[in-house]
Amino acid sequence: MTNIKTYNAISGKGLDYLSQHGYDINAQDSPKGILLRSQNLFDEVIPDTVRAVVRSGAGFNNIPVADLSKRGIVVFNTPGGNANAVKELTIASLILAARPVVGAIKFANQTRGGDVSLRTESNKGGYRGTELAGKTLGVIGLGNVGSKVANTALALDMDVIGYDPGLNANTAWRIDRHIVHARNVEEVLRRADYVTVHIPMEEKNDHFIDAGKLQLMKPEAALLNLSRGGIVDDHAAKAALDSDQLRMYITDFADDVLFDNPKVIITPHIGGSTIEAEDTSALMAAKELDEYLTSGNIINSVNYPDVNEPFTTNYRVGIIHENVPNMIGQISAFFGDNGINIEQLSNRAVGQYAYTLVAINDFTSAQQEHVKTALDEIPHVILTRRYQNPNMMIGD
Ligand SMILES: NC(=O)c1ccc[n+]([C@@H]2O[C@H](COP(=O)([O-])OP(=O)(O)OC[C@H]3O[C@@H](n4cnc5c(N)ncnc54)[C@H](O)[C@@H]3O)[C@@H](O)[C@H]2O)c1
Ligand SMILES: O=C(O)[C@H](O)COP(=O)(O)O
């Protein structure tokens with residue numbers, strides 16, 4: 001059986017799917033796939049048997065993607081699987097930034113004994129808040145999470161201004177036409193009463209919200225970070241709070257510098273922690289893993305191009321290679337020179353890497369043995385895998 005190694009609490013929905021499709025979970029030390037959530041894979045040794053690493057979730061900054069790409073290991077995530085959960089916690093955070101709910105609950109619990117209702121009524125004035133309606137929400141990053149947050153804020157009668165220079169077409173379709181598209185992030189920061197950040201942690205986004213950007217914000221504004229620790233410079237945020245340049249900071253990522261600050265609310269990275277989101281993400285992850293390991297289809301990869309074709313021939317060969325000239329020519333010539341007829345060839349490239357999926361019907365055992373090693377000899381080929389169609393009756 002094919003073995004899958006898991007890290008973190010992966011929902012039973014995903015694990016059951018894999019078991020039902022013939023996989024062993026954590027059975028031995030030479031896994032074909034790794035399924036994880038936030039485990040830091042930079043600290044782990046990834047065995048040479050591994051062909052795929054799947055992040056059940058959105059952010060993949062815990063995975064050494066560049067190294068794995070060089071080894072031909074496909075890295076996947078589950079885009080949108082937990083977006084609704086994060087949207088809901090973001091809306092809760094907006095309300096916590098507008099109304100002093102946390103302090104008010106504490107106060108209500110301190111009023112026990114005697115005429116409770118009288119005491120709460122006479123002292124509740126300290127817990128007055130403001131309304132979100134009519135205020136402006138700035139959304140930085142309008143992907144799966146940000147687009148949902150932006151649309152929902154409109155329903156709360158907020159004005160919404162969004163910024164995302166890399167918006168993809170799928171998400172763009174989902175964004176309500178009443179959301180103002182900012183030309184730059186500075187415009188969002190200057191105009192918004194609430195700023196929420198929904199961008200991935202990558203080099204260019206490290207300390208994306210820094211002291212300079214915080215200075216552009218209104219002093220009465222609140223900042224929300226449900227993206228990743230490090231996207232906001234927490235030291236700069238604390239300094240802005242201390243000097244009354246920022247009213248409030250709510251983050252899903254604990255940081256020593258933020259503790260015991262009445263202007264800060266910290267949640268313990270629970271944005272995606274709902275039963276529904278964990279189930280959806282784990283099932284997506286399990287399907288992506290199974291699809292790649294059994295048919296060579298790549299769906300939702302973060303390091304290689306997606307290639308998703310119906311498996312209608314007896315065999316396929318998947319070739320991960322560098323995105324350099326003449327690879328398709330060399331690969332086609334290789335099959336021709338070895339007397340193997342190509343029924344269909346799909347090729348896509350993204351950045352440095354490309355993937356070629358070759359569909360074959362007549363493929364003798366000797367040819368298969370040869371292909372396994374000889375294709376890898378072509379310069380710039382990183383890894384070759386052969387797939388046999390489980391739904392076809394094949395004779396040699
Ligand atoms: N708190 C949680 O539990 C939780 C849960 C899910 C996701 N997240 C985090 O939220 C991030 C976003 O999630 P998503 O599902 O929306 O991802 P996504 O990939 O669907 O969207 C991210 C968007 O950010 C945009 N972007 C990137 N850099 C930007 C920048 N500097 N300025 C403006 N836009 C920028 C991209 O173009 C993209 O449209 C994830 O990468 C993850 O780190 C956290
Ligand atoms: O990027 C994500 O999907 C979230 O941060 C969720 O992380 P988790 O799976 O560790 O809860």
# chains A, B, ... in the order shown; residues from 1 in each chain; ligands from 1
call {"tool": "select_by_dssp", "arguments": {"residues": "segment 209-299 of chain A", "states": "strand (DSSP E or B)", "output": "PyMOL selection string"}}
result
chain A and resi 209+222-225+229+232+248-251+264-266+298
call {"tool": "write_last_selection", "arguments": {"atoms": "C-alpha atoms", "output": "mmCIF file, in the first residue's frame"}}
result
data_model
loop_
_atom_site.group_PDB
_atom_site.id
_atom_site.type_symbol
_atom_site.label_atom_id
_atom_site.label_comp_id
_atom_site.auth_asym_id
_atom_site.auth_seq_id
_atom_site.Cartn_x
_atom_site.Cartn_y
_atom_site.Cartn_z
ATOM 1 C CA ILE A 209 2.786 46.836 7.271
ATOM 2 C CA ALA A 222 -7.888 49.686 13.850
ATOM 3 C CA LEU A 223 -5.603 47.145 12.183
ATOM 4 C CA LEU A 224 -6.472 43.449 11.753
ATOM 5 C CA ASN A 225 -3.970 40.716 10.843
ATOM 6 C CA GLY A 229 2.787 36.702 11.969
ATOM 7 C CA VAL A 232 2.735 43.289 10.272
ATOM 8 C CA MET A 248 -6.323 49.080 18.141
ATOM 9 C CA TYR A 249 -4.547 46.009 16.751
ATOM 10 C CA ILE A 250 -6.171 42.570 16.490
ATOM 11 C CA THR A 251 -4.006 39.678 15.395
ATOM 12 C CA VAL A 264 -4.318 44.548 21.471
ATOM 13 C CA ILE A 265 -6.473 41.448 21.080
ATOM 14 C CA ILE A 266 -4.618 38.233 20.273
ATOM 15 C CA ILE A 298 -1.674 18.371 -10.818
#
call {"tool": "residues_near_ligand", "arguments": {"ligand": "ligand 1", "cutoff": "6 Å", "atoms": "only C-alpha atoms and all ligand atoms", "output": "PyMOL selection string"}}
result
chain A and resi 58-59+79-80+82-83+86+140-146+163-167+198-201+205+226-228+252+269-272
call {"tool": "closest_residue", "arguments": {"among": "A:Asp29, A:Asp176, A:Glu44, A:Glu278", "to": "ligand 2", "atoms": "only C-alpha atoms and all ligand atoms"}}
result
A:Glu278
call {"tool": "closest_residue", "arguments": {"among": "A:Ile73, A:Leu118, A:Leu137, A:Ile95", "to": "Ile319 of chain A", "atoms": "only C-alpha atoms"}}
result
A:Ile73
call {"tool": "residues_around", "arguments": {"residues": "segment 381-392 of chain A", "least_positions_apart": "2", "cutoff": "9 Å", "atoms": "only C-alpha atoms", "output": "VMD selection string"}}
result
chain A and resid 69 to 73 293 to 296 311 to 322 327 368 371 to 373 375 to 379 394
call {"tool": "write_last_selection", "arguments": {"atoms": "N, CA and C atoms", "output": "mmCIF file, in the first residue's frame"}}
result
data_model
loop_
_atom_site.group_PDB
_atom_site.id
_atom_site.type_symbol
_atom_site.label_atom_id
_atom_site.label_comp_id
_atom_site.auth_asym_id
_atom_site.auth_seq_id
_atom_site.Cartn_x
_atom_site.Cartn_y
_atom_site.Cartn_z
ATOM 1 N N SER A 69 10.969 21.885 -4.981
ATOM 2 C CA SER A 69 10.808 22.045 -6.426
ATOM 3 C C SER A 69 12.020 21.468 -7.154
ATOM 4 N N LYS A 70 13.199 21.740 -6.618
ATOM 5 C CA LYS A 70 14.427 21.224 -7.255
ATOM 6 C C LYS A 70 14.463 19.701 -7.233
ATOM 7 N N ARG A 71 13.747 19.104 -6.261
ATOM 8 C CA ARG A 71 13.740 17.628 -6.130
ATOM 9 C C ARG A 71 12.583 16.980 -6.878
ATOM 10 N N GLY A 72 11.767 17.778 -7.537
ATOM 11 C CA GLY A 72 10.647 17.202 -8.295
ATOM 12 C C GLY A 72 9.454 16.853 -7.420
ATOM 13 N N ILE A 73 9.416 17.410 -6.216
ATOM 14 C CA ILE A 73 8.293 17.125 -5.299
ATOM 15 C C ILE A 73 7.227 18.208 -5.481
ATOM 16 N N LEU A 293 -0.966 11.175 -7.271
ATOM 17 C CA LEU A 293 -0.235 9.909 -7.136
ATOM 18 C C LEU A 293 -0.779 8.828 -8.063
ATOM 19 N N THR A 294 -2.064 8.901 -8.418
ATOM 20 C CA THR A 294 -2.623 7.822 -9.250
ATOM 21 C C THR A 294 -2.733 8.181 -10.727
ATOM 22 N N SER A 295 -2.868 9.488 -11.051
ATOM 23 C CA SER A 295 -3.063 9.808 -12.472
ATOM 24 C C SER A 295 -2.078 10.834 -13.010
ATOM 25 N N GLY A 296 -1.295 11.441 -12.138
ATOM 26 C CA GLY A 296 -0.338 12.457 -12.597
ATOM 27 C C GLY A 296 -0.964 13.828 -12.775
ATOM 28 N N PHE A 311 -8.058 10.857 -17.696
ATOM 29 C CA PHE A 311 -7.131 9.722 -17.949
ATOM 30 C C PHE A 311 -7.860 8.713 -18.847
ATOM 31 N N THR A 312 -7.684 8.849 -20.145
ATOM 32 C CA THR A 312 -8.462 8.009 -21.073
ATOM 33 C C THR A 312 -7.597 6.987 -21.804
ATOM 34 N N THR A 313 -6.288 6.997 -21.544
ATOM 35 C CA THR A 313 -5.417 6.005 -22.187
ATOM 36 C C THR A 313 -4.990 4.972 -21.147
ATOM 37 N N ASN A 314 -4.217 3.974 -21.617
ATOM 38 C CA ASN A 314 -3.772 2.933 -20.680
ATOM 39 C C ASN A 314 -2.688 3.433 -19.724
ATOM 40 N N TYR A 315 -1.847 4.295 -20.233
ATOM 41 C CA TYR A 315 -0.702 4.759 -19.431
ATOM 42 C C TYR A 315 -0.515 6.260 -19.605
ATOM 43 N N ARG A 316 0.270 6.805 -18.669
ATOM 44 C CA ARG A 316 0.733 8.174 -18.807
ATOM 45 C C ARG A 316 2.140 8.252 -18.243
ATOM 46 N N VAL A 317 2.886 9.199 -18.767
ATOM 47 C CA VAL A 317 4.172 9.506 -18.144
ATOM 48 C C VAL A 317 4.155 10.998 -17.804
ATOM 49 N N GLY A 318 4.417 11.297 -16.555
ATOM 50 C CA GLY A 318 4.472 12.695 -16.110
ATOM 51 C C GLY A 318 5.925 13.106 -15.967
ATOM 52 N N ILE A 319 6.285 14.200 -16.594
ATOM 53 C CA ILE A 319 7.689 14.629 -16.575
ATOM 54 C C ILE A 319 7.761 16.049 -16.010
ATOM 55 N N ILE A 320 8.424 16.172 -14.863
ATOM 56 C CA ILE A 320 8.648 17.494 -14.274
ATOM 57 C C ILE A 320 10.004 17.971 -14.773
ATOM 58 N N HIS A 321 10.037 19.151 -15.358
ATOM 59 C CA HIS A 321 11.317 19.615 -15.906
ATOM 60 C C HIS A 321 11.450 21.121 -15.771
ATOM 61 N N GLU A 322 12.628 21.596 -16.084
ATOM 62 C CA GLU A 322 12.834 23.047 -16.042
ATOM 63 C C GLU A 322 12.174 23.670 -17.261
ATOM 64 N N MET A 327 12.318 21.524 -24.675
ATOM 65 C CA MET A 327 12.027 20.340 -23.854
ATOM 66 C C MET A 327 10.951 19.479 -24.526
ATOM 67 N N GLN A 368 8.611 0.566 -20.743
ATOM 68 C CA GLN A 368 8.354 1.246 -19.464
ATOM 69 C C GLN A 368 9.622 1.283 -18.606
ATOM 70 N N VAL A 371 12.010 3.849 -20.106
ATOM 71 C CA VAL A 371 11.563 5.238 -19.900
ATOM 72 C C VAL A 371 11.882 5.709 -18.483
ATOM 73 N N LYS A 372 11.677 4.778 -17.511
ATOM 74 C CA LYS A 372 11.848 5.119 -16.096
ATOM 75 C C LYS A 372 13.194 5.796 -15.828
ATOM 76 N N THR A 373 14.259 5.256 -16.469
ATOM 77 C CA THR A 373 15.582 5.817 -16.194
ATOM 78 C C THR A 373 16.069 6.743 -17.307
ATOM 79 N N LEU A 375 14.575 8.730 -19.562
ATOM 80 C CA LEU A 375 14.033 10.099 -19.699
ATOM 81 C C LEU A 375 14.746 11.067 -18.757
ATOM 82 N N ASP A 376 15.075 10.558 -17.567
ATOM 83 C CA ASP A 376 15.747 11.402 -16.570
ATOM 84 C C ASP A 376 17.124 11.874 -17.041
ATOM 85 N N GLU A 377 17.662 11.185 -18.070
ATOM 86 C CA GLU A 377 18.989 11.570 -18.585
ATOM 87 C C GLU A 377 18.924 12.827 -19.446
ATOM 88 N N ILE A 378 17.735 13.175 -19.944
ATOM 89 C CA ILE A 378 17.615 14.386 -20.769
ATOM 90 C C ILE A 378 17.927 15.589 -19.878
ATOM 91 N N PRO A 379 18.861 16.441 -20.287
ATOM 92 C CA PRO A 379 19.184 17.599 -19.444
ATOM 93 C C PRO A 379 17.932 18.422 -19.114
ATOM 94 N N ILE A 394 -5.435 -3.991 -19.241
ATOM 95 C CA ILE A 394 -4.250 -3.825 -20.087
ATOM 96 C C ILE A 394 -3.517 -5.154 -20.274
#
call {"tool": "residues_around", "arguments": {"residues": "Ala282 of chain A", "least_positions_apart": "2", "cutoff": "8 Å", "atoms": "only C-alpha atoms", "output": "ChimeraX atom specification"}}
result
/A:10-15,56-57,278-280,284-286
call {"tool": "select_by_dssp", "arguments": {"residues": "segment 41-143 of chain A", "states": "alpha helix (DSSP H)", "output": "JSON, numbers by chain"}}
result
{"A": [65, 66, 67, 68, 69, 70, 83, 84, 85, 86, 87, 88, 89, 90, 91, 92, 93, 94, 95, 96, 97, 98, 101, 102, 103, 104, 105, 106, 107, 108, 109, 116, 117, 118, 119, 120, 121, 122, 123]}
call {"tool": "closest_residue", "arguments": {"among": "A:Lys87, A:Arg191, A:Lys5, A:Lys263", "to": "ligand 2", "atoms": "only C-alpha atoms and all ligand atoms"}}
result
A:Lys87
call {"tool": "residues_around", "arguments": {"residues": "Thr152 of chain A", "least_positions_apart": "2", "cutoff": "12 Å", "atoms": "only C-alpha atoms", "output": "MDAnalysis selection string"}}
result
chainID A and resid 84 87:92 94 132:133 137 139 145:150 154:160 174:176 178:179
call {"tool": "write_last_selection", "arguments": {"atoms": "N, CA and C atoms", "output": "CSV table (one decimal), in the first residue's frame"}}
result
chain,number,residue,atom,x,y,z
A,84,ASN,N,-14.0,30.9,4.3
A,84,ASN,CA,-15.2,31.3,5.0
A,84,ASN,C,-15.0,31.4,6.5
A,87,LYS,N,-13.1,34.5,7.1
A,87,LYS,CA,-14.0,35.7,6.9
A,87,LYS,C,-14.8,35.9,8.2
A,88,GLU,N,-15.3,34.8,8.7
A,88,GLU,CA,-16.2,35.0,9.9
A,88,GLU,C,-15.4,35.5,11.1
A,89,LEU,N,-14.2,35.0,11.3
A,89,LEU,CA,-13.4,35.5,12.4
A,89,LEU,C,-13.0,37.0,12.2
A,90,THR,N,-12.8,37.3,10.9
A,90,THR,CA,-12.4,38.7,10.6
A,90,THR,C,-13.6,39.6,11.0
A,91,ILE,N,-14.8,39.2,10.6
A,91,ILE,CA,-16.0,40.0,10.9
A,91,ILE,C,-16.1,40.1,12.5
A,92,ALA,N,-15.9,39.0,13.2
A,92,ALA,CA,-15.9,39.0,14.6
A,92,ALA,C,-14.9,40.0,15.1
A,94,LEU,N,-13.7,42.6,13.6
A,94,LEU,CA,-14.1,44.0,13.3
A,94,LEU,C,-15.1,44.5,14.4
A,132,LEU,N,-20.1,49.9,12.9
A,132,LEU,CA,-19.3,49.7,11.6
A,132,LEU,C,-20.0,50.3,10.4
A,133,ALA,N,-21.3,50.4,10.5
A,133,ALA,CA,-22.1,51.0,9.4
A,133,ALA,C,-21.6,52.4,9.1
A,137,LEU,N,-13.8,50.2,5.4
A,137,LEU,CA,-12.9,49.1,5.6
A,137,LEU,C,-12.0,49.0,4.4
A,139,VAL,N,-9.3,46.6,2.6
A,139,VAL,CA,-8.9,45.2,2.5
A,139,VAL,C,-7.7,45.1,1.7
A,145,VAL,N,-9.9,34.8,0.9
A,145,VAL,CA,-10.4,35.4,2.1
A,145,VAL,C,-10.8,36.8,2.0
A,146,GLY,N,-9.9,37.7,1.4
A,146,GLY,CA,-10.1,39.1,1.3
A,146,GLY,C,-11.4,39.4,0.6
A,147,SER,N,-11.7,38.7,-0.5
A,147,SER,CA,-12.8,39.0,-1.3
A,147,SER,C,-14.1,38.7,-0.5
A,148,LYS,N,-14.1,37.6,0.3
A,148,LYS,CA,-15.3,37.3,1.1
A,148,LYS,C,-15.5,38.4,2.2
A,149,VAL,N,-14.4,38.8,2.8
A,149,VAL,CA,-14.5,39.8,3.9
A,149,VAL,C,-15.0,41.1,3.3
A,150,ALA,N,-14.5,41.5,2.1
A,150,ALA,CA,-14.9,42.7,1.5
A,150,ALA,C,-16.4,42.7,1.1
A,154,LEU,N,-19.8,44.9,3.0
A,154,LEU,CA,-20.8,45.8,2.3
A,154,LEU,C,-22.2,45.5,2.9
A,155,ALA,N,-22.4,44.2,3.2
A,155,ALA,CA,-23.7,43.8,3.8
A,155,ALA,C,-23.8,44.4,5.3
A,156,LEU,N,-22.7,44.8,5.9
A,156,LEU,CA,-22.8,45.5,7.2
A,156,LEU,C,-22.9,47.0,7.0
A,157,ASP,N,-23.1,47.4,5.7
A,157,ASP,CA,-23.3,48.9,5.4
A,157,ASP,C,-22.0,49.6,5.6
A,158,MET,N,-20.8,48.9,5.4
A,158,MET,CA,-19.6,49.6,5.4
A,158,MET,C,-19.2,50.0,4.0
A,159,ASP,N,-18.4,51.1,3.8
A,159,ASP,CA,-17.8,51.3,2.5
A,159,ASP,C,-16.5,50.5,2.5
A,160,VAL,N,-16.2,50.0,1.3
A,160,VAL,CA,-15.1,49.1,1.2
A,160,VAL,C,-14.1,49.5,0.1
A,174,ARG,N,-15.7,37.4,-8.3
A,174,ARG,CA,-16.5,37.3,-7.1
A,174,ARG,C,-16.6,38.7,-6.4
A,175,ILE,N,-15.8,39.7,-6.7
A,175,ILE,CA,-15.8,40.9,-5.9
A,175,ILE,C,-17.0,41.8,-6.3
A,176,ASP,N,-17.7,42.2,-5.4
A,176,ASP,CA,-18.9,43.1,-5.6
A,176,ASP,C,-18.4,44.4,-6.3
A,178,HIS,N,-19.4,47.2,-5.9
A,178,HIS,CA,-19.4,48.4,-5.0
A,178,HIS,C,-18.1,48.6,-4.3
A,179,ILE,N,-17.2,47.6,-4.4
A,179,ILE,CA,-15.9,47.7,-3.8
A,179,ILE,C,-15.0,48.6,-4.6
call {"tool": "closest_residue", "arguments": {"among": "A:Leu357, A:Ala182, A:Val101, A:Val302", "to": "Ala66 of chain A", "atoms": "only C-alpha atoms"}}
result
A:Val302
call {"tool": "closest_residue", "arguments": {"among": "A:Arg128, A:His21, A:Arg37, A:Lys218", "to": "ligand 2", "atoms": "only C-alpha atoms and all ligand atoms"}}
result
A:Arg37
call {"tool": "closest_residue", "arguments": {"among": "A:Met393, A:Ala85, A:Ala366, A:Ile340", "to": "ligand 2", "atoms": "only C-alpha atoms and all ligand atoms"}}
result
A:Ala85
call {"tool": "atom_distance", "arguments": {"atom1": "atom CA of Ala237 of chain A", "atom2": "atom CA of Gly212 of chain A"}}
result
10.5 Å
call {"tool": "atom_distance", "arguments": {"atom1": "atom CA of Phe259 of chain A", "atom2": "atom CA of Ala236 of chain A"}}
result
14.4 Å
